[in-house]
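Visitor: One structure, pasted below without further comment.
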Amino acid sequence: MPTSLITIGRSGAAAARASLELTAQNIANASNPDYVRRTTSQSEFVASATIDYQVSSSLSGTRIGDVQRANSELIQRQARDSGSDLSRAEAELSGLRDAETALENSRLFEGLVDFEAALTLLESDPTDPALRRGALETARQLTSTFQFADTALSNARSLVEDDVSIGIESVNGTAEELARINLALVNARDGTAGQASLLDARDASLRDLANEFGITVEFDDFGAAEVRLSSSSGTGALLVSGTTANAIGASVAADGTTSFDIGGVPFSPTSGAMAGRAAALTDMALRQTELNDAAAATITRANAAQAAGVGLDGSPGQPLFSGTNASTIALALTDGDGLALAPAGSPAGSRDTANLGNLIAAFGADDGPIASTDRSLLSLSSRIAGLETTREGLEIINSSAQAELLSETGVDLDVEAANLIRLQQAFEANSRIIQVANDLFDTILGLR
Amino acid sequence: MNSVSNPAGAFFERSLGQMGALRGSIERFQTEIATGERIQRGSDDPIGAARLRALTRLERRGDTEEENAARLGQDLSEAANQIEGIVSILQRARELSVSAANDPVGENGRAAIAEELEQMAEEMFARSNTQSITGAPLFAGTAGSPAFVRDAAGVVTYNGNNQNGSVPVAPGTEVERGVTGEQLFEFDLDGTPSSNFAVLTGLAAALRGGAADPSVAAQDALAGIDAALDNANRSQTVIGTRLAWVEAIQQDQQTRAIDVAEQRSDIGDTDISDTIVRLQQTLTALEASQASFTRVSSLTLFNAL
């Protein structure tokens, strides 16, 4: 049966070649993070026929099976969840670090201490015009330091706000993409390379979504994904179902905190970068309040002291600062002689520093602006240090989940190299069979 | 196919992460050495950073207090100089009044003595209105200048107040500025208020014929001059004590400044030798992992094909 031999050899060679192609595909995608390792299966092919009521089988070689994609739903989910948690910590950390840089680089604390020092220096010689001028200039410096800190902090906040709006756009885009993939999956034939690559795209989209918002996913028989936003209570809102994607919106309140809604229904994210950004914005709004409070305390305490004293010429003290918060604080006094260092009722040129003493005490008190700025910085940096520890822990969890995912879905080049040799041999062996069939045929034809 | 695999992606990812972490700590160590600061930002060590802030404030306050003490010292020295001058004026006045009381100097002699006494009263008045280097009156208490004013009749009155004012020179320590003009120039003589100026000008007027018996007037004036001298000597002692106090405080301030600087350095400075050793250790680890990375990554079956 040389014809049958040729068919068997041809089917074997074709199967080996198909497997070789798949191996080549695996090797080519070895560094593609979205790619899941493919395998193919083979099954024996036996042709059967009935001749004269006699069942006869004829061996017909091998059948090339489906393109199989390593199934990894559980591990994918683990990797997604740990990725969400890590993204949250990283986004919050990066926002807070910006806030820390803004507040520390503005050197607000040093500015406040300088002002306190300039006031203390006046105690030695309250009528010295140079010292008075110096104190006034330090006060002016303090106002611009407050404004600088305010600008830097609001820059840091608008960076995070931009991240939120860009992230929302990309999430909505990814959700729509996922809805389209769902539609394509329903139409894709099972076991084809096309289906496998759609599944790759689906998992990549889910991973991208999970980085921004924590999600829970369910798959139907076609592999189409139904995505819900993780919720701390009950089932979360539906983000993608079948071929429809619901749009997420974000809005920033006047105090700088942000809130999210899906299809108009508000929700609060539990994990993912967006949850981290929301937390960072809430914290930054708190720092902004603290900064404004410190500015307001500086203004009111200095002005109250001014009102209780008299200037160098004996006239009642005028306000030192104008404004109400860190962005509006400005120097109101133009002349160092106007600093009211002496208590009310003192004559012109008085060297009495009782009122100055009160101002220094009020300014440096435990509830004064210096102490509150120190506390604000301490609480911010402690929070960052704590988050850093959390992030390190999450990073370890995430990298082990990623490693597990990669070992399940990634391409092992050594395995592929071994396959390459094995399949090459298989191909050569099958072509040898065709050769043998040919020789047999020639032998039979050569009989005379 | 269910097999244990070691995918190439995972290996590269892992190696990259590990070498990245090593690089990160190397850069950190390098920054620490280059800047000399262990804490680059508050979150590196929140408590340490808060203590550094407190120390910055202490340091700044210490600097200010040192400057205050220096200025106070200058004012006190200046006051001491002036009081020394006043004491010598009074001593000379005492000699003159003794000679006016005892020696038969005659009318011309008395007129000469009166002339000199008037000059002395003038100098006394000038000294009483001495100003510090920055133009503030030394002997007016906390009031503005001038410390003493003279009316058309030549009567000198104190224009200041009896508050000395004080300067904070150390936490919880305030040193009074000096002595007031009242303490230095005015006193009670047998129950009636008098002053250095009144004694000198009164004696001069008496010697110029204002008194029936100038010798007796000069004799009587001695009591007033002695009281003024007592007053000046007392003030000199007070100022001297305060100067000594300020000097002691200045030494104390220097010790405290060194103390604060040491604490700062303990908390915030890089321990150079420690950091260099760690840097070397990390560098070795990085080099080793780079070498092993290239070795391991070249171990692939494809080389055997």
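Every chain in the structure tokens takes a letter, A first, then B, and so on in the order presented; its residues are numbered from 1, and the ligands are numbered from 1 following the presented order.
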Find the residues around Arg432 in chain A up to 8 Å (only C-alpha atoms counted), leave out those fewer than 4 positions away in its own chain, and share them as an MDAnalysis selection string.
Guide: chainID A and resid 9 428 436
Visitor: Taking 4 positions as the minimum chain separation for residues in the same chain, which residues sit within 12 Å of Leu440 in chain A when counting only C-alpha atoms? Answer as a list in words.
Guide: Met1, Pro2, Thr3, Ser4, Leu5, Ile6, Ile433, Ile434, Gln435, Val436, Ile444, Leu445, Gly446 and Leu447 of chain A
Visitor: Which residues of chain B come within 6 Å of chain A, and what is each one's closest atom pair and distance in Å (one decimal), counting only C-alpha atoms, sorted by chain and residue number, as a Markdown table?
Guide:
| residue | atom | partner | partner_atom | distance |
| --- | --- | --- | --- | --- |
| B:Ser5 | CA | A:Ser407 | CA | 5.6 |
| B:Asn6 | CA | A:Asp412 | CA | 5.7 |
| B:Pro7 | CA | A:Asp412 | CA | 3.8 |
| B:Ala8 | CA | A:Asp412 | CA | 5.3 |
| B:Gly9 | CA | A:Ser31 | CA | 5.8 |
| B:Ala10 | CA | A:Ala403 | CA | 5.9 |
| B:Gly42 | CA | A:Ser381 | CA | 5.3 |
| B:Ser43 | CA | A:Ser381 | CA | 4.2 |
| B:Pro46 | CA | A:Ser382 | CA | 5.2 |
| B:Arg57 | CA | A:Val113 | CA | 5.9 |
| B:Arg61 | CA | A:Ala117 | CA | 5.9 |
| B:Thr64 | CA | A:Leu121 | CA | 5.7 |
| B:Asn68 | CA | A:Ser124 | CA | 5.0 |
| B:Thr134 | CA | A:Asp128 | CA | 5.8 |
| B:Thr142 | CA | A:Arg351 | CA | 4.2 |
| B:Ala143 | CA | A:Ser350 | CA | 4.4 |
| B:Gly144 | CA | A:Gly349 | CA | 4.2 |
| B:Val167 | CA | A:Ser124 | CA | 5.5 |
| B:Leu301 | CA | A:Asp414 | CA | 5.5 |
| B:Phe302 | CA | A:Ala417 | CA | 6.0 |
Visitor: Given the selection you just returned, output its residues as a file containing N, CA and C atoms, formatted as a PDB file, in the first residue's frame.
Guide:
ATOM      1  N   SER B   5       8.087  25.028  34.015  1.00  0.00           N
ATOM      2  CA  SER B   5       8.963  25.682  33.046  1.00  0.00           C
ATOM      3  C   SER B   5       9.609  26.901  33.688  1.00  0.00           C
ATOM      4  N   ASN B   6      10.683  27.297  33.113  1.00  0.00           N
ATOM      5  CA  ASN B   6      11.387  28.478  33.610  1.00  0.00           C
ATOM      6  C   ASN B   6      11.484  29.437  32.451  1.00  0.00           C
ATOM      7  N   PRO B   7      10.418  30.191  32.211  1.00  0.00           N
ATOM      8  CA  PRO B   7      10.371  30.973  30.991  1.00  0.00           C
ATOM      9  C   PRO B   7      11.452  32.040  30.950  1.00  0.00           C
ATOM     10  N   ALA B   8      11.907  32.282  29.728  1.00  0.00           N
ATOM     11  CA  ALA B   8      12.966  33.259  29.523  1.00  0.00           C
ATOM     12  C   ALA B   8      12.539  34.621  30.048  1.00  0.00           C
ATOM     13  N   GLY B   9      11.259  34.987  29.810  1.00  0.00           N
ATOM     14  CA  GLY B   9      10.758  36.296  30.235  1.00  0.00           C
ATOM     15  C   GLY B   9      10.924  36.485  31.727  1.00  0.00           C
ATOM     16  N   ALA B  10      10.562  35.444  32.497  1.00  0.00           N
ATOM     17  CA  ALA B  10      10.638  35.558  33.958  1.00  0.00           C
ATOM     18  C   ALA B  10      12.070  35.769  34.405  1.00  0.00           C
ATOM     19  N   GLY B  42      12.148  63.992  54.008  1.00  0.00           N
ATOM     20  CA  GLY B  42      11.568  63.663  55.310  1.00  0.00           C
ATOM     21  C   GLY B  42      11.167  62.215  55.440  1.00  0.00           C
ATOM     22  N   SER B  43      10.632  61.619  54.339  1.00  0.00           N
ATOM     23  CA  SER B  43      10.103  60.270  54.465  1.00  0.00           C
ATOM     24  C   SER B  43      11.208  59.224  54.609  1.00  0.00           C
ATOM     25  N   PRO B  46      11.201  59.862  59.101  1.00  0.00           N
ATOM     26  CA  PRO B  46      10.308  60.935  59.559  1.00  0.00           C
ATOM     27  C   PRO B  46      10.693  61.498  60.929  1.00  0.00           C
ATOM     28  N   ARG B  57      15.737  74.845  64.426  1.00  0.00           N
ATOM     29  CA  ARG B  57      15.135  75.965  65.142  1.00  0.00           C
ATOM     30  C   ARG B  57      16.013  76.361  66.326  1.00  0.00           C
ATOM     31  N   ARG B  61      17.841  79.857  66.845  1.00  0.00           N
ATOM     32  CA  ARG B  61      17.608  80.625  68.058  1.00  0.00           C
ATOM     33  C   ARG B  61      18.932  80.885  68.770  1.00  0.00           C
ATOM     34  N   THR B  64      20.756  83.664  67.099  1.00  0.00           N
ATOM     35  CA  THR B  64      20.145  84.947  67.425  1.00  0.00           C
ATOM     36  C   THR B  64      20.535  85.371  68.831  1.00  0.00           C
ATOM     37  N   ASN B  68      22.335  88.633  70.136  1.00  0.00           N
ATOM     38  CA  ASN B  68      21.737  89.473  71.170  1.00  0.00           C
ATOM     39  C   ASN B  68      22.711  89.690  72.319  1.00  0.00           C
ATOM     40  N   THR B 134      23.891 102.059  67.897  1.00  0.00           N
ATOM     41  CA  THR B 134      22.751 102.139  66.979  1.00  0.00           C
ATOM     42  C   THR B 134      21.866 103.348  67.269  1.00  0.00           C
ATOM     43  N   THR B 142      13.579 102.185  79.090  1.00  0.00           N
ATOM     44  CA  THR B 142      13.073 101.722  77.804  1.00  0.00           C
ATOM     45  C   THR B 142      12.488 102.867  76.995  1.00  0.00           C
ATOM     46  N   ALA B 143      12.617 104.113  77.521  1.00  0.00           N
ATOM     47  CA  ALA B 143      12.026 105.246  76.808  1.00  0.00           C
ATOM     48  C   ALA B 143      12.959 105.705  75.693  1.00  0.00           C
ATOM     49  N   GLY B 144      12.418 106.511  74.794  1.00  0.00           N
ATOM     50  CA  GLY B 144      13.224 107.018  73.693  1.00  0.00           C
ATOM     51  C   GLY B 144      14.126 108.151  74.148  1.00  0.00           C
ATOM     52  N   VAL B 167      16.953  91.518  77.677  1.00  0.00           N
ATOM     53  CA  VAL B 167      17.221  90.867  76.397  1.00  0.00           C
ATOM     54  C   VAL B 167      17.320  89.362  76.643  1.00  0.00           C
ATOM     55  N   LEU B 301      19.952  26.424  24.967  1.00  0.00           N
ATOM     56  CA  LEU B 301      20.098  25.268  24.088  1.00  0.00           C
ATOM     57  C   LEU B 301      20.371  25.688  22.655  1.00  0.00           C
ATOM     58  N   PHE B 302      19.982  26.923  22.320  1.00  0.00           N
ATOM     59  CA  PHE B 302      20.153  27.365  20.941  1.00  0.00           C
ATOM     60  C   PHE B 302      21.619  27.381  20.547  1.00  0.00           C
TER      61      PHE B 302
END
Visitor: Running DSSP on the backbone, which parts of range 48-160 of chain B land in strand (DSSP E or B), as a list in words?
Guide: Gln131, Pro137, Phe148, Val149, Arg150, Val156, Thr157 and Tyr158 of chain B
Visitor: Between A:Ala102, A:Met274, A:Ile75, A:Ala196, single out the one closest to Val171 in chain A, counting only C-alpha atoms.
Guide: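 Smallest distance to Val171 in chain A is found for A:Met274.
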